[in-house]
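Asks: Here's a structure for you.
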Amino acid sequence: MRLRNIPGARETIAESPWIVQDPASVKGKWRERFGNNHPVHLEIGTGKGKFINRLAQENPGINYVGIEKYSSVLIRALDKLDELQLPNLLFIRGDAELVCEFFGEGEIDRIYLNFSDPWPKDRHAKRRLPSKEFLRRFSQILTDDGTIEFKTDNRSLFDFAVEEVGQGGFKILQITYDLHNDPVMGEGNIMTEYEERFSSKGNPIFKYILGKKQE
Ligand code: SAM
């Protein structure tokens, strides 16, 4: 994602009612924070938030949390939420490395990873969100029947992600190498900003859905 320093972004984030300012203090209590007992779904690397705002709008019976590292991108997601005023969507400005500090064991029902940064150099492999290191963190916060949904147009990142699944403690439940032409996995697909950009260039979209490997 190309990042521009947007003046005032940090201040806007610090004052926004849609941002959980101290997510560690909500660990294990996210349902209380939302004021209901609904499932909690996360999107990690939410970017400008088109996907998660739309999901939250369409699924009032699910609580959503978007995590994004950069204020300059996240303020775009807040603009949308200011318009929509959805009670079932909150954001964290923070690094996904800290998910186990933000969420309790088994507190999350689903994690979405959309067009995660590819970190093409081998020495940066651990920074890729579908790496085994991140999958092990995600495993801790997911319920036993929790799932991870990952999509990308980057074939080498996807091949890497598929190889990491087992060591990360997961198994593949569904997979496609052409999401937009897959009658089963493509049904009801909500496009992200990156997905719109890359699929309009003719790139196929790859997607898997993972479940936990039962020990
Ligand atoms: N998901 C959006 C989409 O599909 O349009 C944005 C994709 S963009 C390529 C990846 C986003 O993930 C960026 O906004 C980046 O800042 C965020 N990101 C990358 N690593 C992250 C991390 N460790 N924690 C939180 N956000 C991260």
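Identifiers in this document derive from the order of the structure tokens: chains are assigned A, B, ..., residues are numbered from 1 separately in each chain, and ligands are numbered from 1 in order of occurrence.
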Env of A:Val20: 12 Å cut, atoms = only C-alpha atoms, seq-sep filter 6 positions within chain, self excluded. Answer as an MDAnalysis selection string.
Replies: chainID A and resid 13:14 26:27 30 33:34 65:68 89:94 102
Asks: Near A:Asp109, within 6 Å and counting only C-alpha atoms, which residues show up once chain neighbours fewer than 4 positions away are dropped, as a PDB file with C-alpha atoms, in the first residue's frame?
Replies:
ATOM      1  CA  VAL A  40     -16.559 -11.752  16.641  1.00  0.00           C
ATOM      2  CA  HIS A  41     -14.833 -11.667  13.230  1.00  0.00           C
ATOM      3  CA  LEU A 142      -9.667 -18.620  17.305  1.00  0.00           C
ATOM      4  CA  THR A 143     -12.395 -20.934  18.627  1.00  0.00           C
ATOM      5  CA  GLY A 146     -12.846 -20.959  13.908  1.00  0.00           C
TER       6      GLY A 146
END
Asks: Taking only C-alpha atoms and all ligand atoms and a cut-off of 8 Å, can you tell me which residues surround ligand 1, written as a PDB file with N, CA and C atoms, in the first residue's frame?
Replies:
ATOM      1  N   MET A   1       0.847  -1.188   0.000  1.00  0.00           N
ATOM      2  CA  MET A   1       0.000   0.000   0.000  1.00  0.00           C
ATOM      3  C   MET A   1       0.885   1.240   0.000  1.00  0.00           C
ATOM      4  N   GLU A  43     -10.794  -8.576  10.634  1.00  0.00           N
ATOM      5  CA  GLU A  43     -10.050  -8.437   9.378  1.00  0.00           C
ATOM      6  C   GLU A  43      -8.701  -7.833   9.729  1.00  0.00           C
ATOM      7  N   ILE A  44      -7.645  -8.497   9.294  1.00  0.00           N
ATOM      8  CA  ILE A  44      -6.300  -8.027   9.644  1.00  0.00           C
ATOM      9  C   ILE A  44      -5.642  -7.408   8.415  1.00  0.00           C
ATOM     10  N   GLY A  45      -5.218  -6.143   8.555  1.00  0.00           N
ATOM     11  CA  GLY A  45      -4.699  -5.395   7.409  1.00  0.00           C
ATOM     12  C   GLY A  45      -5.874  -4.849   6.621  1.00  0.00           C
ATOM     13  N   THR A  46      -6.729  -4.150   7.335  1.00  0.00           N
ATOM     14  CA  THR A  46      -8.036  -3.750   6.796  1.00  0.00           C
ATOM     15  C   THR A  46      -7.961  -2.627   5.755  1.00  0.00           C
ATOM     16  N   GLY A  47      -6.822  -1.930   5.713  1.00  0.00           N
ATOM     17  CA  GLY A  47      -6.651  -0.869   4.710  1.00  0.00           C
ATOM     18  C   GLY A  47      -7.707   0.206   4.863  1.00  0.00           C
ATOM     19  N   LYS A  48      -8.341   0.569   3.737  1.00  0.00           N
ATOM     20  CA  LYS A  48      -9.322   1.662   3.769  1.00  0.00           C
ATOM     21  C   LYS A  48     -10.717   1.192   4.168  1.00  0.00           C
ATOM     22  N   GLY A  49     -10.862  -0.101   4.464  1.00  0.00           N
ATOM     23  CA  GLY A  49     -12.050  -0.587   5.173  1.00  0.00           C
ATOM     24  C   GLY A  49     -13.301  -0.853   4.371  1.00  0.00           C
ATOM     25  N   LYS A  50     -13.200  -0.868   3.039  1.00  0.00           N
ATOM     26  CA  LYS A  50     -14.417  -1.089   2.238  1.00  0.00           C
ATOM     27  C   LYS A  50     -15.062  -2.439   2.567  1.00  0.00           C
ATOM     28  N   PHE A  51     -14.228  -3.481   2.608  1.00  0.00           N
ATOM     29  CA  PHE A  51     -14.702  -4.857   2.831  1.00  0.00           C
ATOM     30  C   PHE A  51     -15.417  -4.985   4.177  1.00  0.00           C
ATOM     31  N   ILE A  67      -8.213  -4.515  12.048  1.00  0.00           N
ATOM     32  CA  ILE A  67      -6.900  -4.102  12.574  1.00  0.00           C
ATOM     33  C   ILE A  67      -6.078  -3.551  11.417  1.00  0.00           C
ATOM     34  N   GLU A  68      -5.518  -2.365  11.609  1.00  0.00           N
ATOM     35  CA  GLU A  68      -4.693  -1.753  10.564  1.00  0.00           C
ATOM     36  C   GLU A  68      -3.531  -1.030  11.236  1.00  0.00           C
ATOM     37  N   LYS A  69      -2.353  -1.233  10.616  1.00  0.00           N
ATOM     38  CA  LYS A  69      -1.125  -0.693  11.204  1.00  0.00           C
ATOM     39  C   LYS A  69      -1.010   0.825  11.038  1.00  0.00           C
ATOM     40  N   TYR A  70      -1.509   1.356   9.929  1.00  0.00           N
ATOM     41  CA  TYR A  70      -1.209   2.762   9.622  1.00  0.00           C
ATOM     42  C   TYR A  70      -2.416   3.695   9.736  1.00  0.00           C
ATOM     43  N   VAL A  73      -4.051   5.245   6.507  1.00  0.00           N
ATOM     44  CA  VAL A  73      -4.972   4.424   5.733  1.00  0.00           C
ATOM     45  C   VAL A  73      -6.284   4.268   6.509  1.00  0.00           C
ATOM     46  N   LEU A  74      -6.126   4.030   7.805  1.00  0.00           N
ATOM     47  CA  LEU A  74      -7.286   3.735   8.646  1.00  0.00           C
ATOM     48  C   LEU A  74      -8.292   4.887   8.690  1.00  0.00           C
ATOM     49  N   ARG A  93      -5.951   0.468  15.781  1.00  0.00           N
ATOM     50  CA  ARG A  93      -4.758   0.903  15.039  1.00  0.00           C
ATOM     51  C   ARG A  93      -3.576   0.225  15.715  1.00  0.00           C
ATOM     52  N   GLY A  94      -3.084  -0.828  15.076  1.00  0.00           N
ATOM     53  CA  GLY A  94      -2.004  -1.562  15.731  1.00  0.00           C
ATOM     54  C   GLY A  94      -1.461  -2.640  14.824  1.00  0.00           C
ATOM     55  N   ASP A  95      -0.461  -3.339  15.347  1.00  0.00           N
ATOM     56  CA  ASP A  95       0.232  -4.369  14.574  1.00  0.00           C
ATOM     57  C   ASP A  95      -0.335  -5.744  14.906  1.00  0.00           C
ATOM     58  N   ALA A  96      -0.591  -6.519  13.865  1.00  0.00           N
ATOM     59  CA  ALA A  96      -1.160  -7.863  14.046  1.00  0.00           C
ATOM     60  C   ALA A  96      -0.245  -8.770  14.864  1.00  0.00           C
ATOM     61  N   GLU A  97       1.015  -8.424  14.979  1.00  0.00           N
ATOM     62  CA  GLU A  97       1.920  -9.226  15.828  1.00  0.00           C
ATOM     63  C   GLU A  97       1.399  -9.317  17.256  1.00  0.00           C
ATOM     64  N   LEU A 113      -7.934 -12.333   5.977  1.00  0.00           N
ATOM     65  CA  LEU A 113      -6.689 -11.711   5.518  1.00  0.00           C
ATOM     66  C   LEU A 113      -6.901 -11.399   4.042  1.00  0.00           C
ATOM     67  N   ASN A 114      -6.927 -10.136   3.688  1.00  0.00           N
ATOM     68  CA  ASN A 114      -7.212  -9.773   2.304  1.00  0.00           C
ATOM     69  C   ASN A 114      -6.036  -9.040   1.691  1.00  0.00           C
ATOM     70  N   PHE A 115      -5.474  -9.626   0.644  1.00  0.00           N
ATOM     71  CA  PHE A 115      -4.401  -8.978  -0.116  1.00  0.00           C
ATOM     72  C   PHE A 115      -3.276  -8.504   0.807  1.00  0.00           C
ATOM     73  N   SER A 116      -2.873  -9.418   1.682  1.00  0.00           N
ATOM     74  CA  SER A 116      -1.823  -9.110   2.651  1.00  0.00           C
ATOM     75  C   SER A 116      -0.527  -8.748   1.926  1.00  0.00           C
ATOM     76  N   ASP A 117       0.265  -7.877   2.557  1.00  0.00           N
ATOM     77  CA  ASP A 117       1.531  -7.456   1.953  1.00  0.00           C
ATOM     78  C   ASP A 117       2.398  -8.687   1.676  1.00  0.00           C
ATOM     79  N   PRO A 118       3.009  -8.773   0.459  1.00  0.00           N
ATOM     80  CA  PRO A 118       3.725 -10.003   0.091  1.00  0.00           C
ATOM     81  C   PRO A 118       5.119 -10.160   0.714  1.00  0.00           C
ATOM     82  N   ARG A 127       7.158 -11.916   8.282  1.00  0.00           N
ATOM     83  CA  ARG A 127       6.254 -10.757   8.367  1.00  0.00           C
ATOM     84  C   ARG A 127       4.981 -10.975   7.560  1.00  0.00           C
ATOM     85  N   ARG A 128       4.980 -12.016   6.699  1.00  0.00           N
ATOM     86  CA  ARG A 128       3.784 -12.267   5.867  1.00  0.00           C
ATOM     87  C   ARG A 128       2.663 -12.771   6.770  1.00  0.00           C
ATOM     88  N   LEU A 129       1.489 -12.190   6.644  1.00  0.00           N
ATOM     89  CA  LEU A 129       0.394 -12.548   7.563  1.00  0.00           C
ATOM     90  C   LEU A 129      -0.040 -14.013   7.459  1.00  0.00           C
ATOM     91  N   THR A 152      -5.865 -13.297  -2.330  1.00  0.00           N
ATOM     92  CA  THR A 152      -4.789 -12.489  -2.904  1.00  0.00           C
ATOM     93  C   THR A 152      -4.745 -12.745  -4.409  1.00  0.00           C
ATOM     94  N   MET A 191     -15.783  -7.620  -2.689  1.00  0.00           N
ATOM     95  CA  MET A 191     -14.453  -7.221  -3.162  1.00  0.00           C
ATOM     96  C   MET A 191     -13.834  -6.161  -2.267  1.00  0.00           C
ATOM     97  N   THR A 192     -12.524  -6.272  -2.067  1.00  0.00           N
ATOM     98  CA  THR A 192     -11.771  -5.260  -1.330  1.00  0.00           C
ATOM     99  C   THR A 192     -11.267  -4.217  -2.342  1.00  0.00           C
ATOM    100  N   GLU A 193     -10.649  -3.151  -1.820  1.00  0.00           N
ATOM    101  CA  GLU A 193     -10.096  -2.131  -2.720  1.00  0.00           C
ATOM    102  C   GLU A 193      -9.038  -2.751  -3.659  1.00  0.00           C
ATOM    103  N   TYR A 194      -8.137  -3.533  -3.070  1.00  0.00           N
ATOM    104  CA  TYR A 194      -7.075  -4.153  -3.868  1.00  0.00           C
ATOM    105  C   TYR A 194      -7.651  -5.150  -4.862  1.00  0.00           C
ATOM    106  N   GLU A 195      -8.665  -5.867  -4.442  1.00  0.00           N
ATOM    107  CA  GLU A 195      -9.268  -6.884  -5.320  1.00  0.00           C
ATOM    108  C   GLU A 195      -9.882  -6.222  -6.553  1.00  0.00           C
TER     109      GLU A 195
END
Asks: Please give the complete set of residues from stretch 88-146 of chain A that DSSP, run on the backbone, assigns to helix (DSSP H, G or I), formatted as JSON, numbers by chain.
Replies: {"A": [96, 97, 98, 99, 100, 101, 102, 122, 123, 124, 125, 126, 127, 132, 133, 134, 135, 136, 137, 138, 139, 140, 141]}
Asks: Keeping only N, CA and C atoms, write the selected residues to a file as a PDB file, in the first residue's frame.
Replies:
ATOM      1  N   ALA A  96      -0.591  -6.519  13.865  1.00  0.00           N
ATOM      2  CA  ALA A  96      -1.160  -7.863  14.046  1.00  0.00           C
ATOM      3  C   ALA A  96      -0.245  -8.770  14.864  1.00  0.00           C
ATOM      4  N   GLU A  97       1.015  -8.424  14.979  1.00  0.00           N
ATOM      5  CA  GLU A  97       1.920  -9.226  15.828  1.00  0.00           C
ATOM      6  C   GLU A  97       1.399  -9.317  17.256  1.00  0.00           C
ATOM      7  N   LEU A  98       0.581  -8.326  17.633  1.00  0.00           N
ATOM      8  CA  LEU A  98       0.109  -8.252  19.018  1.00  0.00           C
ATOM      9  C   LEU A  98      -1.282  -8.854  19.223  1.00  0.00           C
ATOM     10  N   VAL A  99      -1.782  -9.616  18.240  1.00  0.00           N
ATOM     11  CA  VAL A  99      -3.178 -10.104  18.371  1.00  0.00           C
ATOM     12  C   VAL A  99      -3.430 -10.862  19.674  1.00  0.00           C
ATOM     13  N   CYS A 100      -2.417 -11.596  20.151  1.00  0.00           N
ATOM     14  CA  CYS A 100      -2.648 -12.381  21.380  1.00  0.00           C
ATOM     15  C   CYS A 100      -2.700 -11.479  22.615  1.00  0.00           C
ATOM     16  N   GLU A 101      -2.243 -10.241  22.477  1.00  0.00           N
ATOM     17  CA  GLU A 101      -2.418  -9.281  23.582  1.00  0.00           C
ATOM     18  C   GLU A 101      -3.769  -8.584  23.508  1.00  0.00           C
ATOM     19  N   PHE A 102      -4.360  -8.589  22.307  1.00  0.00           N
ATOM     20  CA  PHE A 102      -5.633  -7.877  22.117  1.00  0.00           C
ATOM     21  C   PHE A 102      -6.851  -8.773  22.346  1.00  0.00           C
ATOM     22  N   ASP A 122      13.039 -13.317   1.066  1.00  0.00           N
ATOM     23  CA  ASP A 122      12.980 -14.492   1.952  1.00  0.00           C
ATOM     24  C   ASP A 122      13.186 -14.119   3.410  1.00  0.00           C
ATOM     25  N   ARG A 123      14.088 -13.177   3.655  1.00  0.00           N
ATOM     26  CA  ARG A 123      14.387 -12.871   5.053  1.00  0.00           C
ATOM     27  C   ARG A 123      13.215 -12.179   5.777  1.00  0.00           C
ATOM     28  N   HIS A 124      12.224 -11.745   4.996  1.00  0.00           N
ATOM     29  CA  HIS A 124      11.044 -11.111   5.599  1.00  0.00           C
ATOM     30  C   HIS A 124       9.828 -12.047   5.669  1.00  0.00           C
ATOM     31  N   ALA A 125      10.063 -13.345   5.397  1.00  0.00           N
ATOM     32  CA  ALA A 125       8.920 -14.280   5.295  1.00  0.00           C
ATOM     33  C   ALA A 125       8.057 -14.273   6.555  1.00  0.00           C
ATOM     34  N   LYS A 126       8.688 -14.087   7.716  1.00  0.00           N
ATOM     35  CA  LYS A 126       7.922 -14.126   8.975  1.00  0.00           C
ATOM     36  C   LYS A 126       6.958 -12.948   9.112  1.00  0.00           C
ATOM     37  N   ARG A 127       7.158 -11.916   8.282  1.00  0.00           N
ATOM     38  CA  ARG A 127       6.254 -10.757   8.367  1.00  0.00           C
ATOM     39  C   ARG A 127       4.981 -10.975   7.560  1.00  0.00           C
ATOM     40  N   LYS A 132       3.515 -19.293   8.933  1.00  0.00           N
ATOM     41  CA  LYS A 132       3.204 -20.196  10.057  1.00  0.00           C
ATOM     42  C   LYS A 132       3.309 -19.473  11.391  1.00  0.00           C
ATOM     43  N   GLU A 133       4.220 -18.483  11.465  1.00  0.00           N
ATOM     44  CA  GLU A 133       4.358 -17.742  12.731  1.00  0.00           C
ATOM     45  C   GLU A 133       3.061 -16.994  13.058  1.00  0.00           C
ATOM     46  N   PHE A 134       2.503 -16.325  12.046  1.00  0.00           N
ATOM     47  CA  PHE A 134       1.230 -15.617  12.291  1.00  0.00           C
ATOM     48  C   PHE A 134       0.086 -16.616  12.489  1.00  0.00           C
ATOM     49  N   LEU A 135       0.080 -17.713  11.719  1.00  0.00           N
ATOM     50  CA  LEU A 135      -1.014 -18.694  11.870  1.00  0.00           C
ATOM     51  C   LEU A 135      -1.056 -19.224  13.295  1.00  0.00           C
ATOM     52  N   ARG A 136       0.108 -19.454  13.896  1.00  0.00           N
ATOM     53  CA  ARG A 136       0.124 -19.971  15.281  1.00  0.00           C
ATOM     54  C   ARG A 136      -0.476 -18.952  16.248  1.00  0.00           C
ATOM     55  N   ARG A 137      -0.215 -17.686  16.010  1.00  0.00           N
ATOM     56  CA  ARG A 137      -0.849 -16.646  16.850  1.00  0.00           C
ATOM     57  C   ARG A 137      -2.359 -16.667  16.641  1.00  0.00           C
ATOM     58  N   PHE A 138      -2.762 -16.746  15.356  1.00  0.00           N
ATOM     59  CA  PHE A 138      -4.198 -16.711  15.046  1.00  0.00           C
ATOM     60  C   PHE A 138      -4.893 -17.922  15.672  1.00  0.00           C
ATOM     61  N   SER A 139      -4.194 -19.069  15.700  1.00  0.00           N
ATOM     62  CA  SER A 139      -4.774 -20.294  16.256  1.00  0.00           C
ATOM     63  C   SER A 139      -5.161 -20.089  17.729  1.00  0.00           C
ATOM     64  N   GLN A 140      -4.342 -19.342  18.450  1.00  0.00           N
ATOM     65  CA  GLN A 140      -4.620 -19.130  19.882  1.00  0.00           C
ATOM     66  C   GLN A 140      -5.913 -18.358  20.118  1.00  0.00           C
ATOM     67  N   ILE A 141      -6.191 -17.396  19.273  1.00  0.00           N
ATOM     68  CA  ILE A 141      -7.360 -16.536  19.537  1.00  0.00           C
ATOM     69  C   ILE A 141      -8.642 -17.063  18.880  1.00  0.00           C
TER      70      ILE A 141
END
Asks: Counting only C-alpha atoms, what is within 10 Å of stretch 169-181 of chain A, bar same-chain residues fewer than 3 positions away, as a ChimeraX atom specification?
Replies: /A:132,135-139,147-153,155,158,162,164-166,184-187,189,191,199,203-215
Asks: In Å, with one decimal, what is the gap from atom CA of A:Ser16 to atom CA of A:Gly28?
Replies: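 These atoms are spaced 22.2 Å apart.
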